[in-house]
Amino acid sequence: MLDKQQIGRKLPAFSVTAEAGQLRFFARTIGETNPIYFDENAARDAGHPALPLPPTFLFSLEFLMPPSSWRDEVGIVPSRILHGEESFTYHRMAYAGDVLRFEMRIADIYDKKAGALEFLVRETRVSNQRGEHVADLRSVLVQRNG
Amino acid sequence: MSSIQFDKVQVGDLLPSLTLAPINRTTLALFAGASNDHNPIHIDTDYARQARMPDVFAHGMLSMAYLGRLLTQWVDQRQIRHFGVRFVGITHLGHQITCSGKVVEKFERDGEQRVKLEIHTANQFGETKVLGDAIVAL
């Protein structure tokens, strides 16, 4: 069972930088054809200061959180987890080289079907090296029990 | 910035769709590396079977990245205000995903003219896998 006492817990904030090489790798993997996502010159010609992070890439940067035992403490069993929902609310663009700060909290934990499915809602605020609000992420993880 | 104009967009308009190559193991391995999501359930068949799945399957966020391409081939990313999805079905190996979207609402907020889009992915059998919406400023 997920521990509902963990609702409201803030996870340690961390800062990471999206590297241009990783953005090019990501673009190639998803079959991106728009050169602003892999060619710096095309990005600049389109008015961007550097390669933009594509719409979902902030989620990938969340994985760069320093090692933490929060999942164990909440009761997450990795092999039983599915991704239920994901959303992004954007306030400004982020670019290769930006130092992005991630502040994550456990917003909610609930269950359905008499505990057969448990849900963990995680909310993340992302800001940049100038302290500007970049985006808010909301993830719903589903744990299958029984 | 964009050739799409608020006044010319109608509720019910369809976005140009995007069809991807069928999902294979190479794509999943590369996406694991590119997206930093190293969960073995997407790349290690033995692990997937122990987790009572028939085989590895696609990351939900791979489908969401494809939906991101659907949006950014329609408008400049700087115009996207919100993008959210629910993962309603598993995208398996061999599934060929098509991303689709349509305009469902036109409105003004925060001094901007915006449209709401309904978006989804479906496989070659017409089974919906990811459902969501997006808000775009025009």
# chains A, B, ... in the order shown; residues from 1 in each chain; ligands from 1
$ select_by_dssp --residues "chain A" --states "alpha helix (DSSP H)" --output "PyMOL selection string"
chain A and resi 20-29+40-45+57-62+70-74
$ write_last_selection --atoms "C-alpha atoms" --output "mmCIF file, in the first residue's frame"
data_model
loop_
_atom_site.group_PDB
_atom_site.id
_atom_site.type_symbol
_atom_site.label_atom_id
_atom_site.label_comp_id
_atom_site.auth_asym_id
_atom_site.auth_seq_id
_atom_site.Cartn_x
_atom_site.Cartn_y
_atom_site.Cartn_z
ATOM 1 C CA ALA A 20 22.251 19.972 -26.779
ATOM 2 C CA GLY A 21 23.588 16.511 -27.619
ATOM 3 C CA GLN A 22 20.843 14.836 -25.631
ATOM 4 C CA LEU A 23 18.205 17.015 -27.320
ATOM 5 C CA ARG A 24 19.515 15.960 -30.749
ATOM 6 C CA PHE A 25 19.429 12.294 -29.670
ATOM 7 C CA PHE A 26 15.848 12.727 -28.426
ATOM 8 C CA ALA A 27 14.785 14.459 -31.648
ATOM 9 C CA ARG A 28 16.277 11.700 -33.791
ATOM 10 C CA THR A 29 14.649 8.977 -31.679
ATOM 11 C CA GLU A 40 21.305 25.318 -33.751
ATOM 12 C CA ASN A 41 21.364 27.521 -36.842
ATOM 13 C CA ALA A 42 17.777 26.666 -37.713
ATOM 14 C CA ALA A 43 16.781 27.323 -34.106
ATOM 15 C CA ARG A 44 18.445 30.750 -34.144
ATOM 16 C CA ASP A 45 16.889 31.590 -37.515
ATOM 17 C CA PHE A 57 11.399 16.911 -22.467
ATOM 18 C CA LEU A 58 11.051 18.412 -18.966
ATOM 19 C CA PHE A 59 9.689 15.011 -17.937
ATOM 20 C CA SER A 60 12.976 13.442 -19.046
ATOM 21 C CA LEU A 61 14.921 15.891 -16.915
ATOM 22 C CA GLU A 62 12.933 14.805 -13.852
ATOM 23 C CA TRP A 70 11.363 8.553 -1.686
ATOM 24 C CA ARG A 71 9.804 5.830 -3.838
ATOM 25 C CA ASP A 72 10.618 3.153 -1.257
ATOM 26 C CA GLU A 73 9.371 5.383 1.547
ATOM 27 C CA VAL A 74 6.069 5.929 -0.250
#
$ interface_residues --of "chain B" --to "chain A" --cutoff "10 Å" --atoms "only C-alpha atoms" --output "JSON, numbers by chain"
{"B": [1, 20, 21, 26, 27, 28, 29, 30, 31, 32, 33, 34, 35, 36, 37, 38, 39, 40, 41, 47, 48, 50, 51, 52, 53, 59, 60, 61, 62, 63, 64, 65, 66, 67, 68, 69, 71, 72, 73, 76, 77, 78, 79, 80, 81, 82, 83, 84, 85, 86, 87, 88, 89, 90, 130, 131, 132, 133, 134, 135]}
$ select_by_dssp --residues "region 66-130 of chain A" --states "strand (DSSP E)" --output "MDAnalysis selection string"
chainID A and resid 81:90 99:112 117:127
$ write_last_selection --atoms "C-alpha atoms" --output "PDB file, in the first residue's frame"
ATOM      1  CA  ILE A  81       3.849   0.927 -11.778  1.00  0.00           C
ATOM      2  CA  LEU A  82       2.199   2.287 -14.906  1.00  0.00           C
ATOM      3  CA  HIS A  83       2.100   5.888 -16.060  1.00  0.00           C
ATOM      4  CA  GLY A  84      -1.511   7.022 -15.820  1.00  0.00           C
ATOM      5  CA  GLU A  85      -1.495  10.678 -16.808  1.00  0.00           C
ATOM      6  CA  GLU A  86       0.932  13.479 -17.606  1.00  0.00           C
ATOM      7  CA  SER A  87       0.370  17.166 -18.155  1.00  0.00           C
ATOM      8  CA  PHE A  88       2.419  20.270 -18.751  1.00  0.00           C
ATOM      9  CA  THR A  89       1.379  23.887 -18.226  1.00  0.00           C
ATOM     10  CA  TYR A  90       3.893  26.140 -19.944  1.00  0.00           C
ATOM     11  CA  VAL A  99      19.939  25.539 -15.558  1.00  0.00           C
ATOM     12  CA  LEU A 100      16.508  24.287 -14.590  1.00  0.00           C
ATOM     13  CA  ARG A 101      15.395  23.871 -11.000  1.00  0.00           C
ATOM     14  CA  PHE A 102      12.839  21.168 -10.203  1.00  0.00           C
ATOM     15  CA  GLU A 103      10.700  21.358  -7.074  1.00  0.00           C
ATOM     16  CA  MET A 104       8.594  18.219  -6.723  1.00  0.00           C
ATOM     17  CA  ARG A 105       5.900  17.373  -4.237  1.00  0.00           C
ATOM     18  CA  ILE A 106       3.580  14.468  -3.643  1.00  0.00           C
ATOM     19  CA  ALA A 107       0.241  16.138  -4.211  1.00  0.00           C
ATOM     20  CA  ASP A 108      -2.121  13.221  -3.614  1.00  0.00           C
ATOM     21  CA  ILE A 109      -2.397   9.483  -3.038  1.00  0.00           C
ATOM     22  CA  TYR A 110      -5.690   7.634  -3.461  1.00  0.00           C
ATOM     23  CA  ASP A 111      -7.015   4.234  -4.471  1.00  0.00           C
ATOM     24  CA  LYS A 112      -9.821   2.694  -6.498  1.00  0.00           C
ATOM     25  CA  LEU A 117      -5.333   0.278  -8.057  1.00  0.00           C
ATOM     26  CA  GLU A 118      -3.467   2.988  -6.208  1.00  0.00           C
ATOM     27  CA  PHE A 119      -2.683   6.425  -7.599  1.00  0.00           C
ATOM     28  CA  LEU A 120       0.139   8.808  -6.772  1.00  0.00           C
ATOM     29  CA  VAL A 121      -0.057  12.395  -8.028  1.00  0.00           C
ATOM     30  CA  ARG A 122       3.244  14.245  -8.276  1.00  0.00           C
ATOM     31  CA  GLU A 123       3.461  17.954  -9.076  1.00  0.00           C
ATOM     32  CA  THR A 124       6.644  19.674 -10.184  1.00  0.00           C
ATOM     33  CA  ARG A 125       7.425  23.349 -10.556  1.00  0.00           C
ATOM     34  CA  VAL A 126      10.249  24.155 -12.977  1.00  0.00           C
ATOM     35  CA  SER A 127      12.100  27.470 -13.000  1.00  0.00           C
TER      36      SER A 127
END
$ atom_distance --atom1 "CA of Ile97 (chain B)" --atom2 "CA of Ser17 (chain B)"
10.5 Å
